[in-house]
$ cat protein.cif   # mmCIF, C-alpha atoms and all ligand atoms
data_data
#
loop_
_atom_site.label_atom_id
_atom_site.label_comp_id
_atom_site.auth_asym_id
_atom_site.auth_seq_id
_atom_site.Cartn_x
_atom_site.Cartn_y
_atom_site.Cartn_z
CA MET G 29 -1.14 -21.35 0.78
CA PRO G 30 -1.79 -17.85 -0.55
CA GLU G 31 -5.34 -16.66 -0.23
CA LEU G 32 -5.40 -15.15 -3.69
CA VAL G 33 -3.40 -15.90 -6.81
CA VAL G 34 -3.82 -13.79 -9.90
CA ASP G 35 -2.02 -15.54 -12.72
CA SER G 36 -1.21 -13.87 -16.07
CA VAL G 37 -4.48 -11.97 -16.30
CA SER G 38 -5.10 -9.86 -19.39
CA LYS G 39 -8.17 -7.84 -20.29
CA SER G 40 -8.80 -5.49 -23.19
CA TYR G 41 -11.71 -3.20 -23.97
CA GLY G 42 -11.50 -3.05 -27.76
CA SER G 43 -8.06 -1.61 -28.47
CA ILE G 44 -7.47 -0.52 -24.85
CA ARG G 45 -5.33 -3.04 -23.02
CA ALA G 46 -6.51 -2.47 -19.47
CA LEU G 47 -4.56 -5.40 -17.95
CA ARG G 48 -1.51 -7.04 -19.46
CA ASN G 49 -0.32 -10.28 -18.04
CA VAL G 50 -0.88 -9.28 -14.44
CA SER G 51 0.37 -11.79 -11.85
CA PHE G 52 0.65 -11.54 -8.09
CA ARG G 53 -0.15 -13.39 -4.88
CA VAL G 54 -1.71 -12.16 -1.69
CA GLY G 55 -1.15 -14.05 1.53
CA ASP G 56 -3.72 -15.01 4.11
CA GLY G 57 -4.52 -12.00 6.31
CA GLU G 58 -2.40 -9.64 4.28
CA TYR G 59 -3.28 -5.99 3.64
CA PHE G 60 -2.27 -5.53 0.02
CA CYS G 61 -2.49 -2.17 -1.75
CA ILE G 62 -2.72 -1.71 -5.50
CA LEU G 63 -1.34 1.68 -6.38
CA GLY G 64 -1.46 3.38 -9.74
CA PRO G 65 -2.64 6.51 -11.52
CA THR G 66 -6.10 6.81 -13.02
CA GLY G 67 -6.45 4.48 -15.98
CA ALA G 68 -3.87 2.02 -14.68
CA GLY G 69 -6.41 -0.82 -14.67
CA LYS G 70 -7.03 -1.00 -10.92
CA THR G 71 -10.81 -1.14 -11.08
CA THR G 72 -10.71 -3.62 -13.94
CA LEU G 73 -8.45 -5.84 -11.86
CA LEU G 74 -10.82 -5.81 -8.87
CA LYS G 75 -13.74 -6.58 -11.18
CA VAL G 76 -11.87 -9.53 -12.61
CA ILE G 77 -11.17 -10.86 -9.11
CA SER G 78 -14.74 -10.31 -7.95
CA GLY G 79 -16.10 -12.00 -11.07
CA LEU G 80 -17.86 -9.00 -12.60
CA ILE G 81 -15.54 -9.10 -15.60
CA ARG G 82 -14.15 -12.15 -17.33
CA PRO G 83 -10.48 -11.83 -18.23
CA ASP G 84 -9.43 -12.49 -21.84
CA LYS G 85 -6.77 -14.75 -20.47
CA GLY G 86 -5.27 -15.85 -17.17
CA ARG G 87 -6.68 -17.28 -13.96
CA VAL G 88 -7.94 -16.18 -10.59
CA ILE G 89 -7.42 -18.63 -7.73
CA ILE G 90 -9.00 -18.04 -4.34
CA ASP G 91 -8.05 -20.33 -1.48
CA GLY G 92 -6.64 -22.86 -3.89
CA VAL G 93 -9.78 -22.99 -6.04
CA ASP G 94 -9.68 -21.77 -9.63
CA VAL G 95 -12.70 -19.42 -9.70
CA THR G 96 -12.04 -17.90 -13.11
CA ASP G 97 -15.25 -19.38 -14.51
CA PHE G 98 -17.34 -18.86 -11.36
CA PRO G 99 -20.01 -16.14 -11.13
CA PRO G 100 -19.51 -13.43 -8.46
CA GLU G 101 -22.06 -14.88 -6.00
CA VAL G 102 -20.13 -18.04 -5.35
CA ARG G 103 -16.64 -16.57 -5.10
CA ASN G 104 -16.97 -15.60 -1.46
CA VAL G 105 -15.51 -12.15 -2.05
CA SER G 106 -16.70 -8.86 -0.53
CA TYR G 107 -16.42 -5.93 -2.88
CA MET G 108 -16.75 -2.24 -2.19
CA PRO G 109 -16.92 -0.54 -5.58
CA GLN G 110 -15.37 2.80 -6.44
CA GLY G 111 -17.66 5.73 -5.62
CA TYR G 112 -19.72 3.66 -3.14
CA ALA G 113 -23.00 5.41 -3.89
CA LEU G 114 -25.48 4.76 -1.12
CA PHE G 115 -29.16 4.69 -2.03
CA PRO G 116 -30.42 8.11 -0.90
CA HIS G 117 -34.02 7.01 -0.33
CA MET G 118 -33.01 4.06 1.87
CA THR G 119 -32.10 4.10 5.53
CA VAL G 120 -28.67 3.12 6.73
CA TRP G 121 -30.06 -0.24 7.75
CA ASP G 122 -31.63 -0.93 4.36
CA ASN G 123 -28.53 0.28 2.55
CA VAL G 124 -26.53 -2.38 4.32
CA ALA G 125 -29.19 -5.07 4.10
CA TYR G 126 -30.24 -4.59 0.50
CA GLY G 127 -27.33 -2.72 -1.06
CA ALA G 128 -25.17 -4.08 -3.84
CA GLY G 129 -28.07 -5.97 -5.42
CA MET G 130 -28.32 -8.44 -2.58
CA LYS G 131 -31.50 -10.27 -1.80
CA GLY G 132 -31.48 -9.06 1.77
CA LEU G 133 -29.21 -10.22 4.54
CA PRO G 134 -30.18 -11.76 7.87
CA GLU G 135 -30.83 -9.05 10.48
CA GLU G 136 -28.06 -10.34 12.66
CA LYS G 137 -25.43 -9.84 9.96
CA VAL G 138 -26.61 -6.33 9.22
CA ALA G 139 -26.54 -5.42 12.90
CA ASP G 140 -23.07 -6.92 13.34
CA ALA G 141 -21.69 -5.01 10.36
CA LEU G 142 -23.16 -1.73 11.58
CA LYS G 143 -21.74 -2.31 15.05
CA LEU G 144 -18.33 -3.02 13.56
CA VAL G 145 -18.20 0.39 11.92
CA GLY G 146 -19.70 2.04 15.00
CA LEU G 147 -22.91 3.22 13.35
CA TYR G 148 -25.55 0.86 14.68
CA HIS G 149 -27.15 3.77 16.51
CA ARG G 150 -27.64 5.56 13.17
CA ARG G 151 -29.45 2.65 11.53
CA ASP G 152 -32.64 4.65 10.92
CA SER G 153 -30.88 7.68 9.45
CA TYR G 154 -30.74 8.49 5.76
CA PRO G 155 -27.41 8.94 3.96
CA HIS G 156 -27.79 12.72 3.62
CA GLU G 157 -28.02 12.96 7.42
CA LEU G 158 -24.53 11.49 7.76
CA SER G 159 -21.09 13.01 7.33
CA GLY G 160 -18.82 11.90 4.49
CA GLY G 161 -16.83 9.71 6.86
CA GLN G 162 -19.98 8.06 8.18
CA GLN G 163 -21.25 7.40 4.66
CA GLN G 164 -17.94 5.79 3.89
CA ARG G 165 -18.34 3.57 6.96
CA ILE G 166 -21.82 2.53 5.82
CA ALA G 167 -20.46 1.52 2.44
CA LEU G 168 -17.80 -0.47 4.23
CA ALA G 169 -20.41 -2.08 6.46
CA ARG G 170 -22.31 -3.08 3.31
CA ALA G 171 -19.24 -4.85 1.99
CA LEU G 172 -18.40 -6.40 5.37
CA ALA G 173 -21.94 -7.66 5.87
CA ALA G 174 -21.37 -10.13 3.06
CA GLY G 175 -19.07 -11.81 5.56
CA SER G 176 -16.32 -12.94 3.19
CA LYS G 177 -12.72 -13.40 4.17
CA LEU G 178 -11.41 -11.64 1.05
CA LEU G 179 -12.28 -7.95 0.90
CA LEU G 180 -11.81 -5.83 -2.22
CA LEU G 181 -11.84 -2.06 -1.68
CA ASP G 182 -11.80 0.26 -4.69
CA GLU G 183 -10.56 3.72 -3.67
CA PRO G 184 -12.40 3.46 -0.34
CA LEU G 185 -11.02 6.73 1.05
CA SER G 186 -10.68 8.87 -2.06
CA ALA G 187 -13.87 10.87 -1.52
CA LEU G 188 -12.74 12.03 1.91
CA ASP G 189 -10.80 15.13 2.78
CA ILE G 190 -7.22 14.62 3.85
CA LEU G 191 -7.63 14.57 7.62
CA LEU G 192 -10.51 12.16 7.49
CA ASN G 193 -8.62 10.07 4.97
CA ILE G 194 -5.70 9.75 7.38
CA GLU G 195 -7.92 8.97 10.35
CA LEU G 196 -10.01 6.39 8.54
CA ARG G 197 -7.13 4.60 6.87
CA TYR G 198 -5.81 3.39 10.21
CA GLU G 199 -9.30 2.61 11.44
CA LEU G 200 -9.86 0.58 8.29
CA LYS G 201 -6.66 -1.34 8.63
CA ASN G 202 -7.23 -2.09 12.32
CA LEU G 203 -10.75 -3.28 11.67
CA CYS G 204 -9.61 -5.57 8.87
CA ARG G 205 -6.86 -6.95 11.08
CA GLU G 206 -9.29 -7.61 13.94
CA LEU G 207 -11.58 -9.45 11.56
CA ASP G 208 -8.58 -11.29 10.12
CA LEU G 209 -9.55 -10.30 6.58
CA THR G 210 -7.37 -10.48 3.52
CA VAL G 211 -7.64 -7.11 1.85
CA LEU G 212 -6.95 -5.70 -1.60
CA HIS G 213 -7.10 -1.95 -1.28
CA VAL G 214 -6.94 0.04 -4.51
CA THR G 215 -5.79 3.64 -4.47
CA HIS G 216 -4.08 6.33 -6.53
CA ASN G 217 -2.87 7.99 -3.31
CA VAL G 218 0.79 7.16 -2.74
CA GLU G 219 0.92 8.13 0.90
CA GLU G 220 -2.26 6.22 1.68
CA ALA G 221 -0.83 3.04 0.15
CA MET G 222 2.56 3.38 1.78
CA SER G 223 1.16 4.07 5.22
CA ILE G 224 -1.14 1.07 5.47
CA ALA G 225 0.03 -1.63 3.06
CA ASP G 226 1.80 -4.73 4.28
CA ARG G 227 2.83 -5.10 0.67
CA MET G 228 1.92 -3.11 -2.38
CA MET G 229 1.88 -3.42 -6.13
CA VAL G 230 2.43 -0.52 -8.49
CA LEU G 231 0.39 -0.72 -11.67
CA ARG G 232 0.75 1.43 -14.77
CA LYS G 233 -1.19 1.11 -18.02
CA GLY G 234 -2.20 -2.41 -17.08
CA VAL G 235 1.37 -3.54 -16.43
CA VAL G 236 2.76 -4.50 -13.02
CA GLN G 237 5.76 -2.27 -12.28
CA GLN G 238 6.80 -3.54 -8.88
CA ILE G 239 5.62 -5.58 -5.90
CA GLY G 240 7.07 -5.27 -2.41
CA SER G 241 6.74 -3.75 1.02
CA PRO G 242 6.24 0.02 0.95
CA ARG G 243 9.75 0.42 2.25
CA GLU G 244 11.29 -1.85 -0.37
CA VAL G 245 9.46 -0.09 -3.17
CA TYR G 246 10.31 3.37 -1.87
CA MET G 247 13.96 2.65 -1.16
CA ASN G 248 14.52 0.76 -4.36
CA PRO G 249 12.07 1.77 -7.08
CA ALA G 250 12.19 -0.71 -9.96
CA ASN G 251 12.16 1.93 -12.65
CA LEU G 252 11.92 5.64 -13.36
CA PHE G 253 8.14 5.60 -13.39
CA VAL G 254 7.91 4.13 -9.91
CA ALA G 255 10.62 6.46 -8.58
CA ASN G 256 8.81 9.50 -9.91
CA PHE G 257 5.31 8.33 -9.01
CA LEU G 258 6.14 7.68 -5.37
CA SER G 259 7.65 11.10 -4.82
CA GLU G 260 9.17 13.95 -6.74
CA VAL G 261 12.68 13.26 -8.04
CA ASN G 262 15.48 15.16 -9.76
CA PHE G 263 16.84 13.50 -12.89
CA ILE G 264 20.40 13.78 -14.14
CA GLU G 265 21.34 12.21 -17.46
CA GLY G 266 24.84 10.91 -18.00
CA ILE G 267 27.26 8.31 -19.26
CA LEU G 268 28.46 5.66 -16.86
CA ARG G 269 32.23 5.48 -17.46
CA GLY G 270 33.01 2.76 -14.96
CA ILE G 271 32.45 1.41 -11.49
CA ARG G 272 35.26 1.45 -8.94
CA LEU G 273 34.73 -0.30 -5.63
CA GLY G 274 31.01 0.04 -6.08
CA LEU G 275 31.19 3.72 -6.90
CA GLY G 276 29.87 4.53 -10.36
CA VAL G 277 31.63 7.32 -12.24
CA ILE G 278 29.13 9.20 -14.35
CA GLU G 279 29.97 11.89 -16.83
CA THR G 280 27.26 14.50 -17.21
CA ASP G 281 26.83 17.39 -19.58
CA LYS G 282 26.50 20.25 -17.16
CA LEU G 283 27.67 18.94 -13.78
CA GLY G 284 30.86 17.28 -14.92
CA VAL G 285 31.57 13.95 -13.23
CA ILE G 286 29.31 12.68 -10.46
CA HIS G 287 29.75 9.59 -8.32
CA VAL G 288 26.95 7.29 -7.29
CA TYR G 289 27.07 3.91 -5.56
CA THR G 290 25.65 1.21 -7.78
CA ARG G 291 25.39 -2.51 -8.26
CA PRO G 292 27.08 -3.78 -11.42
CA VAL G 293 24.92 -2.79 -14.39
CA ARG G 294 25.02 -3.54 -18.09
CA PHE G 295 23.98 -0.18 -19.46
CA TRP G 296 26.02 2.96 -19.86
CA HIS G 297 23.55 5.66 -20.89
CA VAL G 298 21.99 6.40 -17.51
CA VAL G 299 19.60 8.59 -15.60
CA VAL G 300 20.42 9.23 -11.98
CA ALA G 301 17.48 10.11 -9.75
CA TYR G 302 17.76 12.06 -6.51
CA ARG G 303 14.91 12.80 -4.17
CA PRO G 304 14.76 16.46 -3.07
CA GLU G 305 15.11 15.44 0.57
CA ASP G 306 18.28 13.44 -0.14
CA ILE G 307 20.17 16.44 -1.48
CA VAL G 308 22.07 18.50 1.07
CA LEU G 309 22.03 22.27 0.81
CA SER G 310 24.41 24.48 2.79
CA VAL G 311 25.93 27.92 2.96
CA ASP G 312 29.37 26.61 3.94
CA PRO G 313 31.21 23.98 1.95
CA PRO G 314 30.27 20.47 3.09
CA PRO G 315 32.99 18.19 4.55
CA THR G 316 33.51 16.24 1.31
CA ASP G 317 34.43 17.02 -2.24
CA LEU G 318 32.46 14.26 -3.93
CA ASN G 319 29.41 15.58 -5.81
CA VAL G 320 29.60 19.08 -4.40
CA PHE G 321 28.36 21.90 -6.60
CA ARG G 322 27.88 25.60 -6.37
CA GLY G 323 24.41 26.82 -7.28
CA ARG G 324 22.17 29.86 -7.24
CA VAL G 325 18.85 29.83 -5.39
CA VAL G 326 16.08 30.41 -7.92
CA GLU G 327 13.08 29.84 -5.68
CA ARG G 328 12.48 29.40 -2.00
CA GLU G 329 9.09 28.14 -0.94
CA PHE G 330 7.93 27.72 2.62
CA ILE G 331 5.37 24.93 2.88
CA GLY G 332 5.36 24.40 6.63
CA ILE G 333 7.43 21.57 7.98
CA VAL G 334 9.60 21.62 4.86
CA THR G 335 11.13 24.45 2.87
CA ARG G 336 11.63 23.80 -0.83
CA PHE G 337 14.51 25.29 -2.72
CA LEU G 338 15.01 25.38 -6.45
CA VAL G 339 18.70 25.74 -7.16
CA ASP G 340 20.33 26.38 -10.52
CA VAL G 341 23.58 24.45 -10.81
CA ASN G 342 25.28 25.21 -14.13
CA GLY G 343 21.92 25.30 -15.87
CA VAL G 344 20.58 22.20 -14.12
CA GLU G 345 17.61 22.99 -11.89
CA MET G 346 17.50 20.95 -8.72
CA HIS G 347 14.73 20.69 -6.19
CA VAL G 348 16.02 20.43 -2.64
CA ASN G 349 13.81 19.99 0.41
CA VAL G 350 15.09 21.03 3.81
CA TRP G 351 13.43 20.79 7.22
CA THR G 352 12.22 24.30 7.88
CA SER G 353 13.68 24.25 11.39
CA VAL G 354 17.18 23.78 9.98
CA ALA G 355 16.82 25.59 6.66
CA PRO G 356 19.73 27.96 6.03
CA ASP G 357 18.99 31.63 5.92
CA VAL G 358 19.43 32.15 2.18
CA LYS G 359 17.37 34.13 -0.28
CA VAL G 360 16.67 33.99 -3.97
CA ASP G 361 19.87 34.77 -5.94
CA ASP G 362 22.15 33.77 -3.05
CA TYR G 363 24.77 31.14 -3.81
CA VAL G 364 24.76 27.85 -1.92
CA TYR G 365 26.51 24.49 -1.92
CA VAL G 366 24.56 21.50 -3.12
CA HIS G 367 25.79 18.03 -2.20
CA LEU G 368 24.48 14.85 -3.79
CA PRO G 369 25.40 12.04 -1.36
CA PRO G 370 26.66 9.15 -3.54
CA ARG G 371 24.62 6.56 -1.62
CA TYR G 372 21.28 8.21 -2.34
CA GLY G 373 21.52 8.32 -6.12
CA LEU G 374 19.30 5.82 -7.95
CA ILE G 375 20.68 4.66 -11.30
CA TYR G 376 18.49 3.62 -14.23
CA PRO G 377 19.11 2.92 -17.89
CA TYR G 378 18.16 5.89 -20.02
CA PRO G 379 14.72 4.96 -21.38
CA ARG G 380 14.48 4.25 -25.08
CA GLU G 381 11.20 6.13 -25.29
CA GLY G 382 12.71 9.21 -23.66
CA LEU G 383 12.56 10.40 -20.08
CA MET G 384 9.24 12.25 -20.25
CA LYS G 385 7.41 9.30 -21.77
CA ALA G 386 8.95 6.92 -19.27
CA ILE G 387 7.58 8.81 -16.31
CA ALA G 388 4.30 10.02 -17.83
CA VAL G 389 1.28 9.23 -15.69
CA GLU G 390 -1.17 9.11 -18.60
N1 LIG X 401 -16.14 -0.48 -19.81
C1 LIG X 401 -15.08 0.03 -20.41
N2 LIG X 401 -15.04 0.21 -21.75
C2 LIG X 401 -13.95 0.71 -22.36
N3 LIG X 401 -12.82 1.08 -21.73
C3 LIG X 401 -12.79 0.93 -20.41
C4 LIG X 401 -13.90 0.41 -19.67
N4 LIG X 401 -13.57 0.37 -18.35
C5 LIG X 401 -12.30 0.85 -18.27
N5 LIG X 401 -11.83 1.19 -19.49
C6 LIG X 401 -10.48 1.70 -19.80
O1 LIG X 401 -9.55 0.75 -19.30
C7 LIG X 401 -8.44 1.40 -18.69
C8 LIG X 401 -8.35 0.98 -17.23
O2 LIG X 401 -9.48 1.48 -16.54
P1 LIG X 401 -9.74 1.24 -15.00
O3 LIG X 401 -9.63 -0.22 -14.73
O4 LIG X 401 -11.02 1.89 -14.64
O5 LIG X 401 -8.49 1.99 -14.36
P2 LIG X 401 -8.31 2.65 -12.90
O6 LIG X 401 -9.32 2.06 -12.00
O7 LIG X 401 -6.90 2.32 -12.54
O8 LIG X 401 -8.50 4.12 -13.09
C9 LIG X 401 -8.67 2.89 -18.90
O9 LIG X 401 -7.98 3.27 -20.07
C10 LIG X 401 -10.16 2.99 -19.09
O10 LIG X 401 -10.49 4.11 -19.87
MG MG X 402 -10.73 2.95 -10.78
#

$ encode --input "protein.cif" --output "structure tokens" --more "lines below"
Ligand SMILES: Nc1ncnc2c1ncn2[C@@H]1O[C@H](COP(=O)(O)OP(=O)(O)O)[C@@H](O)[C@H]1O
Ligand SMILES: [Mg+2]
Amino acid sequence: MPELVVDSVSKSYGSIRALRNVSFRVGDGEYFCILGPTGAGKTTLLKVISGLIRPDKGRVIIDGVDVTDFPPEVRNVSYMPQGYALFPHMTVWDNVAYGAGMKGLPEEKVADALKLVGLYHRRDSYPHELSGGQQQRIALARALAAGSKLLLLDEPLSALDILLNIELRYELKNLCRELDLTVLHVTHNVEEAMSIADRMMVLRKGVVQQIGSPREVYMNPANLFVANFLSEVNFIEGILRGIRLGLGVIETDKLGVIHVYTRPVRFWHVVVAYRPEDIVLSVDPPPTDLNVFRGRVVEREFIGIVTRFLVDVNGVEMHVNVWTSVAPDVKVDDYVYVHLPPRYGLIYPYPREGLMKAIAVE
């Protein structure tokens, strides 16, 4: 039985439709990330599950019990709100014991929670005496002290700098696994979600875009928004003329014909998406003549482990990322070969609302 079922939940604030018919299931012990840009409805969704907000429609089922009409106190859900403000005038101990409007927890539970996050020895400190990472751990301890099996975390790592974020995300996941918790972890950080989620859900403007393992979602984005939100992509518009032995033949304005492997599809006006790291750049002609183009280097940017090239191919600008250690020795204005491997192209119907609107984050 799934631990949590969210079934057709909708919630509007006046004319703003924050959640539209949202449905998903989270299994027992699963680490489930909800990923989406600001305004996607992530916080609203956690509030609906925790009971702080009543949905306009739909149901929330926890452990087989329909809790939609239950108040937060009896749902047996731990919730760490976005921003996790600690009370500055309270000690670490009191923050955990009395935080989040609780009546005060038994000493044993407070001590256990503080030990779990490794900060029992700082119980008499005040928040300003702690580092950002330690404050984050206290907020987590506060949520954990409630002792529920289902833990809701709203952007738990977003206030931390990148190194601390990376360190704490694994710590967080390991701790939750040790405690055998079922976790909903909300974030707008793509890498954070992909690195720790067992499964994830991409949310945009209150609408579920895709649910799957990070790998499934990354390898096979359900639509242009997801493809573009997960990582930068190059878009090529064209007309699908036919599919031969799985290889789609696409006529484009500026690149001529390109070939991309595809399942059978029922649309013909298409957008093909290529990730910058899937495009091959070389000085010498590559050993194929499918999807090979000549282009001029417009920009070359060294960003450490990767070097980014912007290449102009017949007026189409393509971003290509190459491992710095194997990046060819070419400069701006040099000519290079650009190869689009047919198996890496992602094909989508051309969006009715236009490409820019389809991928817009706001
Ligand atoms: N109390 C509120 N009153 C009016 N609009 C709200 C309220 N809370 C959230 N919203 C709006 O609902 C949408 C979803 O918000 P939110 O759930 O906070 O998204 P996220 O957490 O993904 O950033 C946004 O457009 C936001 O402005
Ligand atoms: Mg939010």

$ closest_residue --input "protein.cif" --among "G:Ala46, G:Leu188, G:Ile89, G:Pro304" --to "Thr66 in chain G" --atoms "all atoms listed in the file"
G:Ala46

$ residues_near_ligand --input "protein.cif" --ligand "ligand MG 402 (chain X)" --cutoff "7 Å" --atoms "only C-alpha atoms and all ligand atoms" --output "PyMOL selection string"
chain G and resi 66-67+69-71+110+182

$ closest_atom_pairs --input "protein.cif" --of "chain G" --to "ligand LIG 401 (chain X)" --cutoff "10 Å" --atoms "all atoms listed in the file" --output "CSV"
residue,atom,partner,partner_atom,distance
G:Lys39,CA,X:LIG401,O1,8.8
G:Ser40,CA,X:LIG401,O1,7.4
G:Tyr41,CA,X:LIG401,C2,4.8
G:Gly42,CA,X:LIG401,C2,7.0
G:Ser43,CA,X:LIG401,N3,8.7
G:Ile44,CA,X:LIG401,O1,6.1
G:Arg45,CA,X:LIG401,O1,6.8
G:Ala46,CA,X:LIG401,C7,4.4
G:Leu47,CA,X:LIG401,C8,7.5
G:Ile62,CA,X:LIG401,O7,9.1
G:Leu63,CA,X:LIG401,O7,8.3
G:Gly64,CA,X:LIG401,O7,6.2
G:Pro65,CA,X:LIG401,O7,6.1
G:Thr66,CA,X:LIG401,O8,3.6
G:Gly67,CA,X:LIG401,O8,3.6
G:Ala68,CA,X:LIG401,O7,3.7
G:Gly69,CA,X:LIG401,O3,3.3
G:Lys70,CA,X:LIG401,O7,3.7
G:Thr71,CA,X:LIG401,O6,3.6
G:Thr72,CA,X:LIG401,O3,3.7
G:Leu73,CA,X:LIG401,O3,6.4
G:Leu74,CA,X:LIG401,O3,8.2
G:Lys75,CA,X:LIG401,O3,8.4
G:Val76,CA,X:LIG401,O3,9.8
G:Ile81,CA,X:LIG401,N1,9.6
G:Gln110,CA,X:LIG401,O6,8.3
G:Asp182,CA,X:LIG401,O6,7.9
G:Glu183,CA,X:LIG401,O6,8.6
G:Val214,CA,X:LIG401,O6,8.1
G:Thr215,CA,X:LIG401,O7,8.3
G:His216,CA,X:LIG401,O7,7.8
G:Leu231,CA,X:LIG401,O7,7.9
G:Arg232,CA,X:LIG401,O7,8.0
G:Lys233,CA,X:LIG401,C8,7.2
G:Gly234,CA,X:LIG401,C8,7.0
G:Glu390,CA,X:LIG401,O9,9.1

$ write_last_selection --input "protein.cif" --atoms "C-alpha atoms" --output "PDB file, keeping the file's coordinate frame"
ATOM      1  CA  LYS G  39      -8.170  -7.840 -20.290  1.00  0.00           C
ATOM      2  CA  SER G  40      -8.800  -5.490 -23.190  1.00  0.00           C
ATOM      3  CA  TYR G  41     -11.710  -3.200 -23.970  1.00  0.00           C
ATOM      4  CA  GLY G  42     -11.500  -3.050 -27.760  1.00  0.00           C
ATOM      5  CA  SER G  43      -8.060  -1.610 -28.470  1.00  0.00           C
ATOM      6  CA  ILE G  44      -7.470  -0.520 -24.850  1.00  0.00           C
ATOM      7  CA  ARG G  45      -5.330  -3.040 -23.020  1.00  0.00           C
ATOM      8  CA  ALA G  46      -6.510  -2.470 -19.470  1.00  0.00           C
ATOM      9  CA  LEU G  47      -4.560  -5.400 -17.950  1.00  0.00           C
ATOM     10  CA  ILE G  62      -2.720  -1.710  -5.500  1.00  0.00           C
ATOM     11  CA  LEU G  63      -1.340   1.680  -6.380  1.00  0.00           C
ATOM     12  CA  GLY G  64      -1.460   3.380  -9.740  1.00  0.00           C
ATOM     13  CA  PRO G  65      -2.640   6.510 -11.520  1.00  0.00           C
ATOM     14  CA  THR G  66      -6.100   6.810 -13.020  1.00  0.00           C
ATOM     15  CA  GLY G  67      -6.450   4.480 -15.980  1.00  0.00           C
ATOM     16  CA  ALA G  68      -3.870   2.020 -14.680  1.00  0.00           C
ATOM     17  CA  GLY G  69      -6.410  -0.820 -14.670  1.00  0.00           C
ATOM     18  CA  LYS G  70      -7.030  -1.000 -10.920  1.00  0.00           C
ATOM     19  CA  THR G  71     -10.810  -1.140 -11.080  1.00  0.00           C
ATOM     20  CA  THR G  72     -10.710  -3.620 -13.940  1.00  0.00           C
ATOM     21  CA  LEU G  73      -8.450  -5.840 -11.860  1.00  0.00           C
ATOM     22  CA  LEU G  74     -10.820  -5.810  -8.870  1.00  0.00           C
ATOM     23  CA  LYS G  75     -13.740  -6.580 -11.180  1.00  0.00           C
ATOM     24  CA  VAL G  76     -11.870  -9.530 -12.610  1.00  0.00           C
ATOM     25  CA  ILE G  81     -15.540  -9.100 -15.600  1.00  0.00           C
ATOM     26  CA  GLN G 110     -15.370   2.800  -6.440  1.00  0.00           C
ATOM     27  CA  ASP G 182     -11.800   0.260  -4.690  1.00  0.00           C
ATOM     28  CA  GLU G 183     -10.560   3.720  -3.670  1.00  0.00           C
ATOM     29  CA  VAL G 214      -6.940   0.040  -4.510  1.00  0.00           C
ATOM     30  CA  THR G 215      -5.790   3.640  -4.470  1.00  0.00           C
ATOM     31  CA  HIS G 216      -4.080   6.330  -6.530  1.00  0.00           C
ATOM     32  CA  LEU G 231       0.390  -0.720 -11.670  1.00  0.00           C
ATOM     33  CA  ARG G 232       0.750   1.430 -14.770  1.00  0.00           C
ATOM     34  CA  LYS G 233      -1.190   1.110 -18.020  1.00  0.00           C
ATOM     35  CA  GLY G 234      -2.200  -2.410 -17.080  1.00  0.00           C
ATOM     36  CA  GLU G 390      -1.170   9.110 -18.600  1.00  0.00           C
TER      37      GLU G 390
END

$ closest_residue --input "protein.cif" --among "G:Asn319, G:Asn256, G:Asn217, G:Ser223" --to "Ser241 in chain G" --atoms "only C-alpha atoms"
G:Ser223

$ atom_distance --input "protein.cif" --atom1 "CA of Pro155 in chain G" --atom2 "CA of Ser106 in chain G"
21.3 Å
